[in-house]
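Chemist: The file below is entry-v7.txt, compact mmCIF, C-alpha atoms:
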# COMPACT_ATOMS: atom_id res chain seq x y z
CA MET J 1 16.44 -47.36 83.00
CA PRO J 2 15.64 -50.79 81.44
CA THR J 3 15.92 -50.94 77.67
CA LYS J 4 12.89 -52.25 75.86
CA ASN J 5 13.23 -56.06 75.43
CA LEU J 6 16.93 -56.45 76.29
CA ILE J 7 17.73 -59.84 77.86
CA ILE J 8 21.06 -60.62 79.51
CA PHE J 9 22.09 -64.30 79.60
CA ARG J 10 24.24 -65.62 82.46
CA ILE J 11 25.57 -69.16 81.98
CA ASP J 12 28.04 -71.63 83.42
CA GLY J 13 29.85 -72.48 80.19
CA ARG J 14 32.32 -75.00 81.62
CA GLY J 15 32.64 -78.53 80.22
CA ALA J 16 30.20 -80.49 78.07
CA ILE J 17 27.16 -79.46 80.12
CA GLY J 18 28.26 -75.84 79.84
CA ARG J 19 28.44 -76.21 76.07
CA ARG J 20 24.82 -77.34 76.09
CA SER J 21 23.86 -74.31 78.21
CA MET J 22 25.69 -71.99 75.82
CA GLU J 23 24.00 -73.49 72.78
CA ARG J 24 20.45 -73.20 74.05
CA CYS J 25 20.97 -69.68 75.38
CA LEU J 26 22.51 -68.74 72.04
CA TYR J 27 19.46 -70.17 70.27
CA LEU J 28 17.15 -68.19 72.57
CA ALA J 29 19.19 -65.02 72.06
CA THR J 30 19.22 -65.46 68.28
CA ALA J 31 15.46 -66.00 68.13
CA HIS J 32 14.92 -63.05 70.48
CA GLU J 33 16.91 -60.75 68.20
CA GLN J 34 15.11 -62.06 65.12
CA ARG J 35 11.89 -60.93 66.81
CA GLY J 36 13.25 -57.41 67.30
CA GLY J 37 14.70 -57.81 70.80
CA ARG J 38 18.27 -57.40 71.99
CA ALA J 39 20.54 -59.88 73.75
CA HIS J 40 23.73 -59.70 75.82
CA PHE J 41 25.88 -62.40 77.47
CA ALA J 42 27.76 -62.29 80.78
CA LEU J 43 30.61 -64.83 80.88
CA ASN J 44 33.35 -65.80 83.34
CA GLU J 45 35.97 -67.45 81.18
CA ARG J 46 37.12 -65.89 77.94
CA ASP J 47 36.39 -68.20 75.01
CA ASP J 48 37.51 -66.91 71.63
CA GLU J 49 35.24 -69.30 69.71
CA ILE J 50 32.14 -68.35 71.69
CA GLU J 51 32.91 -64.64 71.59
CA SER J 52 33.49 -64.87 67.84
CA ILE J 53 30.08 -66.51 67.34
CA LEU J 54 28.39 -63.88 69.51
CA GLY J 55 30.26 -61.10 67.72
CA GLN J 56 29.20 -62.37 64.30
CA ARG J 57 25.58 -62.18 65.46
CA GLY J 58 26.01 -58.72 66.95
CA ILE J 59 25.45 -59.94 70.51
CA GLY J 60 27.36 -58.08 73.22
CA VAL J 61 29.55 -59.80 75.82
CA SER J 62 30.62 -58.69 79.32
CA SER J 63 33.13 -60.41 81.61
CA ILE J 64 32.34 -61.44 85.18
CA ASP J 65 35.58 -61.56 87.20
CA SER J 66 34.25 -62.94 90.50
CA THR J 67 34.08 -66.64 91.36
CA ILE J 68 31.24 -68.17 89.37
CA GLY J 69 28.07 -68.60 91.40
CA SER J 70 29.27 -66.40 94.27
CA MET J 71 27.32 -63.44 95.62
CA ALA J 72 30.08 -61.19 94.25
CA ASP J 73 29.32 -62.73 90.85
CA CYS J 74 25.64 -61.83 91.35
CA GLU J 75 26.53 -58.25 92.24
CA GLU J 76 28.68 -57.94 89.11
CA LEU J 77 25.88 -59.40 86.99
CA LEU J 78 23.37 -56.90 88.31
CA GLU J 79 25.83 -54.05 87.73
CA VAL J 80 26.24 -55.15 84.12
CA ALA J 81 22.47 -55.56 83.72
CA THR J 82 21.90 -52.04 85.07
CA SER J 83 24.63 -50.49 82.92
CA ILE J 84 23.23 -51.91 79.68
CA GLY J 85 19.59 -51.37 80.64
CA ALA J 86 18.54 -55.04 80.68
CA SER J 87 14.87 -55.75 81.31
CA ALA J 88 15.32 -59.46 82.13
CA ILE J 89 17.97 -61.99 83.14
CA VAL J 90 18.11 -65.60 81.96
CA ILE J 91 20.36 -67.85 84.07
CA ASP J 92 21.47 -71.34 82.99
CA GLY J 93 23.62 -73.51 85.26
CA ALA J 94 23.31 -75.55 88.46
CA VAL J 95 26.18 -73.60 90.06
CA PHE J 96 23.87 -70.61 90.59
CA GLU J 97 22.20 -71.38 93.91
CA SER J 98 19.04 -70.09 95.59
CA LYS J 99 20.49 -67.01 97.35
CA TYR J 100 22.10 -65.86 94.08
CA LEU J 101 18.83 -66.37 92.21
CA GLU J 102 16.71 -64.70 94.87
CA THR J 103 18.95 -61.62 94.84
CA SER J 104 18.78 -61.43 91.06
CA ALA J 105 14.98 -61.78 91.05
CA GLN J 106 14.62 -58.99 93.61
CA SER J 107 16.29 -56.60 91.16
CA LEU J 108 15.09 -57.76 87.73
CA PHE J 109 12.75 -60.29 86.18
CA THR J 110 14.77 -63.52 86.33
CA ALA J 111 14.24 -66.79 84.47
CA VAL J 112 16.19 -69.97 85.24
CA ILE J 113 16.78 -72.79 82.77
CA ASP J 114 17.16 -76.06 84.67
CA ASP J 115 17.77 -79.69 83.76
CA GLY J 116 17.60 -81.82 86.86
CA GLY J 117 14.90 -80.49 89.16
CA GLU J 118 14.92 -80.91 92.95
CA ARG J 119 16.06 -77.31 93.44
CA THR J 120 14.89 -74.20 95.22
CA LEU J 121 14.41 -71.57 92.53
CA PRO J 122 13.01 -68.32 93.97
CA VAL J 123 12.62 -66.58 90.60
CA GLN J 124 9.77 -65.39 88.41
CA LEU J 125 10.15 -68.06 85.69
CA VAL J 126 11.45 -71.66 85.76
CA ILE J 127 12.11 -73.51 82.50
CA ASN J 128 12.79 -77.24 82.34
CA SER J 129 12.24 -78.75 78.91
CA GLY J 130 13.09 -82.28 80.03
CA PHE J 131 10.83 -85.17 79.11
CA ALA J 132 10.38 -86.00 82.82
CA ALA J 133 10.11 -82.43 84.15
CA ASP J 134 7.72 -82.24 87.12
CA GLU J 135 6.64 -79.28 89.25
CA ARG J 136 6.90 -81.48 92.36
CA PHE J 137 10.69 -81.32 92.05
CA TYR J 138 10.78 -77.56 92.63
CA THR J 139 10.40 -75.10 95.48
CA CYS J 140 9.55 -71.71 93.97
CA ARG J 141 7.97 -68.36 94.76
CA ALA J 142 4.20 -68.09 95.06
CA ASP J 143 4.16 -66.02 91.85
CA SER J 144 6.60 -68.20 89.89
CA SER J 145 5.59 -69.50 86.47
CA LEU J 146 6.84 -72.94 85.45
CA LEU J 147 7.38 -73.95 81.82
CA LEU J 148 7.90 -77.69 82.03
CA GLY J 149 8.16 -80.49 79.49
CA PRO J 150 9.36 -81.12 75.94
CA LYS J 151 7.08 -78.54 74.31
CA PHE J 152 9.61 -76.01 75.67
CA GLN J 153 12.64 -77.65 74.05
CA VAL J 154 15.04 -74.97 72.78
CA LEU J 155 16.32 -75.73 69.28
CA ASP J 156 18.39 -73.87 66.73
CA PRO J 157 16.00 -71.47 64.94
CA GLU J 158 17.66 -72.31 61.63
CA ILE J 159 16.89 -76.03 61.97
CA THR J 160 13.24 -75.47 62.81
CA ARG J 161 12.85 -73.55 59.54
CA TRP J 162 13.83 -76.60 57.51
CA ALA J 163 11.28 -79.18 56.44
CA LYS J 164 11.66 -82.34 58.48
CA PRO J 165 13.44 -85.08 56.51
CA THR J 166 11.71 -88.21 55.27
CA MET J 167 13.42 -91.58 55.52
CA THR J 168 11.50 -93.37 52.78
CA GLU J 169 13.48 -92.45 49.68
CA VAL J 170 14.05 -95.48 47.45
CA GLY J 171 17.71 -96.43 47.21
CA ARG J 172 18.73 -94.11 50.03
CA ILE J 173 21.81 -95.29 51.95
CA PRO J 174 20.97 -95.72 55.67
CA ARG J 175 22.89 -93.47 58.06
CA TYR J 176 23.27 -94.19 61.77
CA TYR J 177 24.63 -91.80 64.39
CA ILE J 178 26.86 -93.28 67.12
CA SER J 179 27.86 -91.35 70.25
CA SER J 180 28.64 -92.34 73.82
CA ILE J 181 30.07 -90.81 76.99
CA ASP J 182 33.67 -91.48 75.94
CA GLU J 183 35.80 -92.95 73.15
CA HIS J 184 36.14 -96.33 74.88
CA ASN J 185 32.38 -96.89 75.01
CA THR J 186 31.90 -95.58 71.47
CA ALA J 187 34.50 -98.14 70.34
CA ARG J 188 32.59 -100.89 72.17
CA ILE J 189 29.41 -99.92 70.33
CA LEU J 190 31.20 -100.02 66.96
CA ASN J 191 32.70 -103.43 67.78
CA SER J 192 29.23 -104.75 68.69
CA MET J 193 27.28 -103.47 65.70
CA PRO J 194 25.46 -106.15 63.65
CA SER J 195 26.88 -106.80 60.20
CA PRO J 196 25.12 -104.56 57.66
CA THR J 197 22.75 -106.20 55.18
CA GLN J 198 23.29 -103.31 52.76
CA THR J 199 25.65 -100.39 52.33
CA SER J 200 25.30 -98.27 55.49
CA ILE J 201 27.04 -95.22 56.93
CA LEU J 202 28.03 -94.90 60.58
CA CYS J 203 28.34 -91.26 61.65
CA VAL J 204 30.69 -91.49 64.62
CA SER J 205 31.04 -88.72 67.19
CA GLY J 206 34.52 -88.46 68.69
CA PRO J 207 38.12 -87.42 67.96
CA ILE J 208 39.72 -88.81 64.82
CA ASP J 209 43.13 -89.17 66.47
CA CYS J 210 42.04 -91.64 69.20
CA PRO J 211 43.81 -95.03 68.74
CA ILE J 212 41.06 -97.16 70.29
CA LEU J 213 38.38 -95.41 68.24
CA ASN J 214 40.45 -95.63 65.06
CA ALA J 215 40.88 -99.38 65.54
CA ALA J 216 37.14 -99.83 66.03
CA THR J 217 36.30 -97.78 62.92
CA ARG J 218 38.73 -99.87 60.85
CA ASP J 219 37.00 -103.03 62.05
CA ALA J 220 33.59 -101.54 61.22
CA CYS J 221 34.83 -100.69 57.72
CA ALA J 222 36.04 -104.28 57.31
CA GLN J 223 32.54 -105.40 58.30
CA GLY J 224 31.07 -103.36 55.44
CA TYR J 225 30.23 -100.00 57.00
CA THR J 226 31.30 -96.62 55.69
CA ILE J 227 32.53 -94.32 58.47
CA GLU J 228 32.02 -90.56 58.78
CA HIS J 229 33.59 -88.71 61.72
CA VAL J 230 31.35 -86.02 63.25
CA GLY J 231 32.75 -83.01 65.10
CA PRO J 232 30.76 -81.04 67.72
CA SER J 233 29.75 -78.32 65.26
CA ALA J 234 28.38 -80.84 62.73
CA VAL J 235 26.10 -82.88 65.01
CA ALA J 236 22.86 -81.08 64.09
CA ASP J 237 23.46 -81.30 60.35
CA THR J 238 24.38 -84.98 60.70
CA LEU J 239 21.31 -85.92 62.73
CA PHE J 240 19.07 -84.25 60.17
CA TYR J 241 19.81 -87.05 57.72
CA CYS J 242 20.16 -90.00 60.12
CA ASP J 243 17.79 -92.96 60.19
CA ALA J 244 18.63 -94.10 63.73
CA ALA J 245 20.96 -93.26 66.59
CA VAL J 246 22.78 -95.00 69.43
CA VAL J 247 23.48 -92.38 72.08
CA CYS J 248 23.91 -91.60 75.78
CA PRO J 249 21.50 -89.39 77.80
CA ASP J 250 23.78 -86.35 77.40
CA SER J 251 23.23 -86.39 73.64
CA PRO J 252 20.81 -83.84 72.09
CA ILE J 253 17.66 -85.87 72.81
CA GLY J 254 15.46 -82.85 72.07
CA LEU J 255 16.85 -82.53 68.55
CA LEU J 256 16.57 -86.29 68.00
CA ALA J 257 12.92 -86.02 69.06
CA TYR J 258 12.16 -83.06 66.81
CA LEU J 259 13.69 -84.87 63.84
CA GLY J 260 11.98 -88.16 64.79
CA VAL J 261 15.25 -90.14 64.79
CA PRO J 262 14.64 -93.55 66.42
CA SER J 263 17.13 -93.84 69.27
CA LEU J 264 18.69 -96.53 71.41
CA VAL J 265 19.80 -94.74 74.58
CA ILE J 266 22.49 -96.30 76.76
CA ALA J 267 21.99 -95.23 80.37
CA ASN J 268 24.70 -93.64 82.51
CA ASP J 269 24.80 -91.69 85.77
CA SER J 270 23.73 -88.46 84.05
CA ASP J 271 21.05 -86.34 85.68
CA ARG J 272 19.09 -86.85 82.43
CA THR J 273 18.66 -90.61 82.95
CA ARG J 274 15.21 -90.04 84.50
CA GLU J 275 13.85 -88.50 81.31
CA VAL J 276 15.35 -91.28 79.19
CA ARG J 277 13.57 -93.80 81.41
CA ARG J 278 10.32 -91.90 80.90
CA LEU J 279 10.75 -91.96 77.12
CA ALA J 280 11.39 -95.70 77.20
CA GLU J 281 8.25 -96.25 79.30
CA GLU J 282 6.27 -94.37 76.65
CA GLU J 283 7.95 -96.50 73.93
CA ALA J 284 9.36 -93.37 72.30
CA THR J 285 12.91 -94.69 72.63
CA ARG J 286 14.63 -97.92 73.53
CA SER J 287 16.84 -97.84 76.63
CA ILE J 288 19.44 -100.31 77.92
CA MET J 289 21.62 -100.56 81.02
CA PRO J 290 24.88 -98.63 81.48
CA MET J 291 27.83 -99.91 79.47
CA ASP J 292 29.76 -101.07 82.53
CA GLU J 293 26.84 -103.36 83.42
CA LEU J 294 26.58 -104.89 79.94
CA SER J 295 28.64 -107.81 78.67
CA ASP J 296 29.78 -107.67 75.06
CA ASN J 297 27.19 -110.32 74.16
CA GLU J 298 24.39 -108.34 75.84
CA LEU J 299 25.42 -105.17 74.03
CA SER J 300 25.57 -106.98 70.68
CA SER J 301 22.16 -108.53 71.28
CA SER J 302 20.59 -105.15 72.16
CA LEU J 303 22.05 -103.48 69.09
CA SER J 304 20.90 -106.33 66.82
CA GLU J 305 17.34 -106.18 68.18
CA PHE J 306 17.24 -102.41 67.67
CA PHE J 307 18.56 -102.35 64.11
CA GLU J 308 16.75 -105.46 62.87
CA ASP J 309 13.26 -104.33 63.93
CA SER J 310 12.56 -101.52 61.44
CA LYS J 311 8.83 -101.35 62.23
CA GLN J 312 9.52 -100.85 65.93
CA ARG J 313 12.06 -98.15 65.12
CA GLN J 314 9.58 -96.36 62.88
CA MET J 315 6.94 -96.40 65.62
CA GLN J 316 9.44 -95.06 68.16
CA GLY J 317 10.50 -92.29 65.80
CA GLU J 318 6.89 -91.21 65.27
CA ARG J 319 6.17 -91.15 69.01
CA LEU J 320 9.37 -89.26 69.70
CA SER J 321 8.65 -86.69 66.98
CA ALA J 322 5.17 -86.04 68.39
CA LEU J 323 6.72 -84.74 71.64
CA VAL J 324 8.76 -81.85 70.20
CA ASP J 325 7.23 -79.54 67.60
CA GLY J 326 10.08 -77.01 67.31
CA ASN J 327 8.11 -74.11 68.84
CA GLY J 328 9.59 -74.29 72.34
CA THR J 329 11.81 -71.24 71.86
CA THR J 330 8.86 -69.14 70.72
CA ARG J 331 6.78 -70.24 73.73
CA ILE J 332 9.55 -69.28 76.16
CA LEU J 333 10.14 -65.86 74.59
CA ASP J 334 6.40 -65.20 74.47
CA CYS J 335 6.16 -65.97 78.19
CA ILE J 336 9.08 -63.68 79.06
CA ARG J 337 7.70 -60.84 76.97
CA GLU J 338 4.20 -61.27 78.43
CA SER J 339 5.67 -61.20 81.95
CA LEU J 340 7.46 -57.95 81.14
CA ARG J 341 4.50 -56.36 79.38
CA PRO J 342 3.61 -53.78 82.10
CA ASN J 343 7.22 -52.51 82.05
CA LEU J 344 7.30 -52.52 78.26
CA ARG J 345 4.10 -50.45 78.12
CA LEU J 346 5.75 -47.87 80.36
CA LEU J 347 8.78 -47.81 78.10
CA ASP J 348 6.61 -47.48 75.00
CA ALA J 349 4.85 -44.52 76.60
CA ALA J 350 8.20 -42.94 77.42
Let's see the structure in the file written out as structure tokens.

Modeler:
Amino acid sequence: MPTKNLIIFRIDGRGAIGRRSMERCLYLATAHEQRGGRAHFALNERDDEIESILGQRGIGVSSIDSTIGSMADCEELLEVATSIGASAIVIDGAVFESKYLETSAQSLFTAVIDDGGERTLPVQLVINSGFAADERFYTCRADSSLLLGPKFQVLDPEITRWAKPTMTEVGRIPRYYISSIDEHNTARILNSMPSPTQTSILCVSGPIDCPILNAATRDACAQGYTIEHVGPSAVADTLFYCDAAVVCPDSPIGLLAYLGVPSLVIANDSDRTREVRRLAEEEATRSIMPMDELSDNELSSSLSEFFEDSKQRQMQGERLSALVDGNGTTRILDCIRESLRPNLRLLDAA
């Protein structure tokens, strides 16, 4: 029998995209438990770091042994869901195709978190918090609900409790976040940065033992910048105090928007390029061509224009911040709970 308000999360946790899926499902699970619900994760690959985080938060974990995305995987997932009494399943990952999702939805209320669109998603709830999310990109059930757009951005519940930072403190040292798709392109950005007119800090995402990145950071220091290296677990804390960012589409655009950090986004072949283009059209960010299409002079010119026009950056930050209010997680959980309400009433009566 389903347990009142128990959600099981099934994700594809492989690679950088998988890390993003894990983070947002963890944020949803944490917020769900803070509201009195229960959460459980079903994972393929054992990951000590992830399991430690889940364990610290009292969130259960089950292993799925079948090939990820296969129908055998789906059968195992439903067996786990039944054994723990789950009332809903949340699935995050493009590897889970329509037959898998349809089978899941026939057994339990199923929600899918998607990024790209243009998919057949025969489930009860579809969530795409992208800035260019559009219902025309989906084929769904007649009774499917769609939660689309940036008002459904999933953020860390802890961050949304903090007061948003202000960037107007007198004497404050400017901080700029730099991140790209790889160390080579991050080094190119550092080598193309305009010379600082005052003491400034570059918060650089990437490994500290990369020769090409180390050489670029030394050159930036010689130019007058102070360098701080940022590991994956420190990105959110770093962005909270940044005045501007130079990033790729796979960066946490939702968090940048919530914090109102003016951003220069360098396009790549990511499936998120469409939403970056939409933000640029709305003048909420500035976007430039992919790195392999930019000469060094063109990159330097774009960076100079971005950093020298403080009024334009401020306007972009305000427009970006207006798109994400930090309540996306609450909206999603409210929708799931409302969809389950008839079942929950039966459980309450029992």

Chemist: Go through J:Leu303, J:Val95, J:Ile253, J:Ile173 and flag the residue nearest Gln198 of chain J, using only C-alpha atoms for the distances.

Modeler: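 Closest to Gln198 of chain J, using only C-alpha atoms: J:Ile173.
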
Chemist: Pick out the residues sitting within 8 Å of segment 67-83 of chain J, and hand them over as a PyMOL selection string; count all atoms listed in the file, and ignore anything fewer than 6 positions along from it in its own chain.

Modeler: chain J and resi 1-2+8+10+12+42+44+89+95-97+99-100+103-104+107

Chemist: Export C-alpha atoms of the chosen residues as a compact mmCIF listing (two decimals), in the coordinates of the input?

Modeler:
# COMPACT_ATOMS: atom_id res chain seq x y z
CA MET J 1 16.44 -47.36 83.00
CA PRO J 2 15.64 -50.79 81.44
CA ILE J 8 21.06 -60.62 79.51
CA ARG J 10 24.24 -65.62 82.46
CA ASP J 12 28.04 -71.63 83.42
CA ALA J 42 27.76 -62.29 80.78
CA ASN J 44 33.35 -65.80 83.34
CA ILE J 89 17.97 -61.99 83.14
CA VAL J 95 26.18 -73.60 90.06
CA PHE J 96 23.87 -70.61 90.59
CA GLU J 97 22.20 -71.38 93.91
CA LYS J 99 20.49 -67.01 97.35
CA TYR J 100 22.10 -65.86 94.08
CA THR J 103 18.95 -61.62 94.84
CA SER J 104 18.78 -61.43 91.06
CA SER J 107 16.29 -56.60 91.16

Chemist: I'd like the neighbourhood of segment 227-244 of chain J as a list in words, where a residue qualifies if any of its atoms comes within 6 Å (using only C-alpha atoms), though same-chain residues fewer than 2 positions away should be ignored.

Modeler: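 Listed by chain and then number, they are Arg175, Tyr176, Ile201, Leu202, Cys203, Val204, Ser205, Val261, Pro262 and Ser263 of chain J.
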
Chemist: Measuring between all atoms listed in the file, which one of J:Asn327, J:Ser129, J:Ser180, J:Ser52 shows the shortest distance to Leu148 of chain J?

Modeler: J:Ser129

Chemist: Point out the residue among J:Leu190, J:Gly55, J:Val324, J:Ser63 with the least atom-to-atom distance to Leu26 of chain J, counting only C-alpha atoms.

Modeler: J:Gly55

Chemist: Can you measure atom CA of Ala216 of chain J to atom CA of Ala187 of chain J for me? One decimal in Å is fine.

Modeler: 5.3 Å

Chemist: One number please: atom CA of Ala39 of chain J to atom CA of Thr110 of chain J, in Å, one decimal.

Modeler: 14.3 Å

Chemist: Separation of atom CA of Thr329 of chain J and atom CA of Val154 of chain J, in Å?

Modeler: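 That distance, rounded to one decimal, is 5.0 Å.
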
Chemist: Dump as JSON lines the rows for residues of segment 139-237 of chain J within 12 Å of segment 271-292 of chain J: closest atom pair and distance in Å with one decimal, only C-alpha atoms counted, ordered by chain and rising residue number.

Modeler:
{"residue": "J:Gly149", "atom": "CA", "partner": "J:Glu275", "partner_atom": "CA", "distance": 10.0}
{"residue": "J:Pro150", "atom": "CA", "partner": "J:Glu275", "partner_atom": "CA", "distance": 10.2}
{"residue": "J:Ser180", "atom": "CA", "partner": "J:Met291", "partner_atom": "CA", "distance": 9.5}
{"residue": "J:Ile181", "atom": "CA", "partner": "J:Met291", "partner_atom": "CA", "distance": 9.7}
{"residue": "J:Asp182", "atom": "CA", "partner": "J:Met291", "partner_atom": "CA", "distance": 10.8}
{"residue": "J:His184", "atom": "CA", "partner": "J:Met291", "partner_atom": "CA", "distance": 10.1}
{"residue": "J:Asn185", "atom": "CA", "partner": "J:Met291", "partner_atom": "CA", "distance": 7.1}
{"residue": "J:Thr186", "atom": "CA", "partner": "J:Met291", "partner_atom": "CA", "distance": 10.0}
{"residue": "J:Ala187", "atom": "CA", "partner": "J:Met291", "partner_atom": "CA", "distance": 11.4}
{"residue": "J:Arg188", "atom": "CA", "partner": "J:Met291", "partner_atom": "CA", "distance": 8.8}
{"residue": "J:Ile189", "atom": "CA", "partner": "J:Met291", "partner_atom": "CA", "distance": 9.3}
{"residue": "J:Ser192", "atom": "CA", "partner": "J:Met291", "partner_atom": "CA", "distance": 11.9}
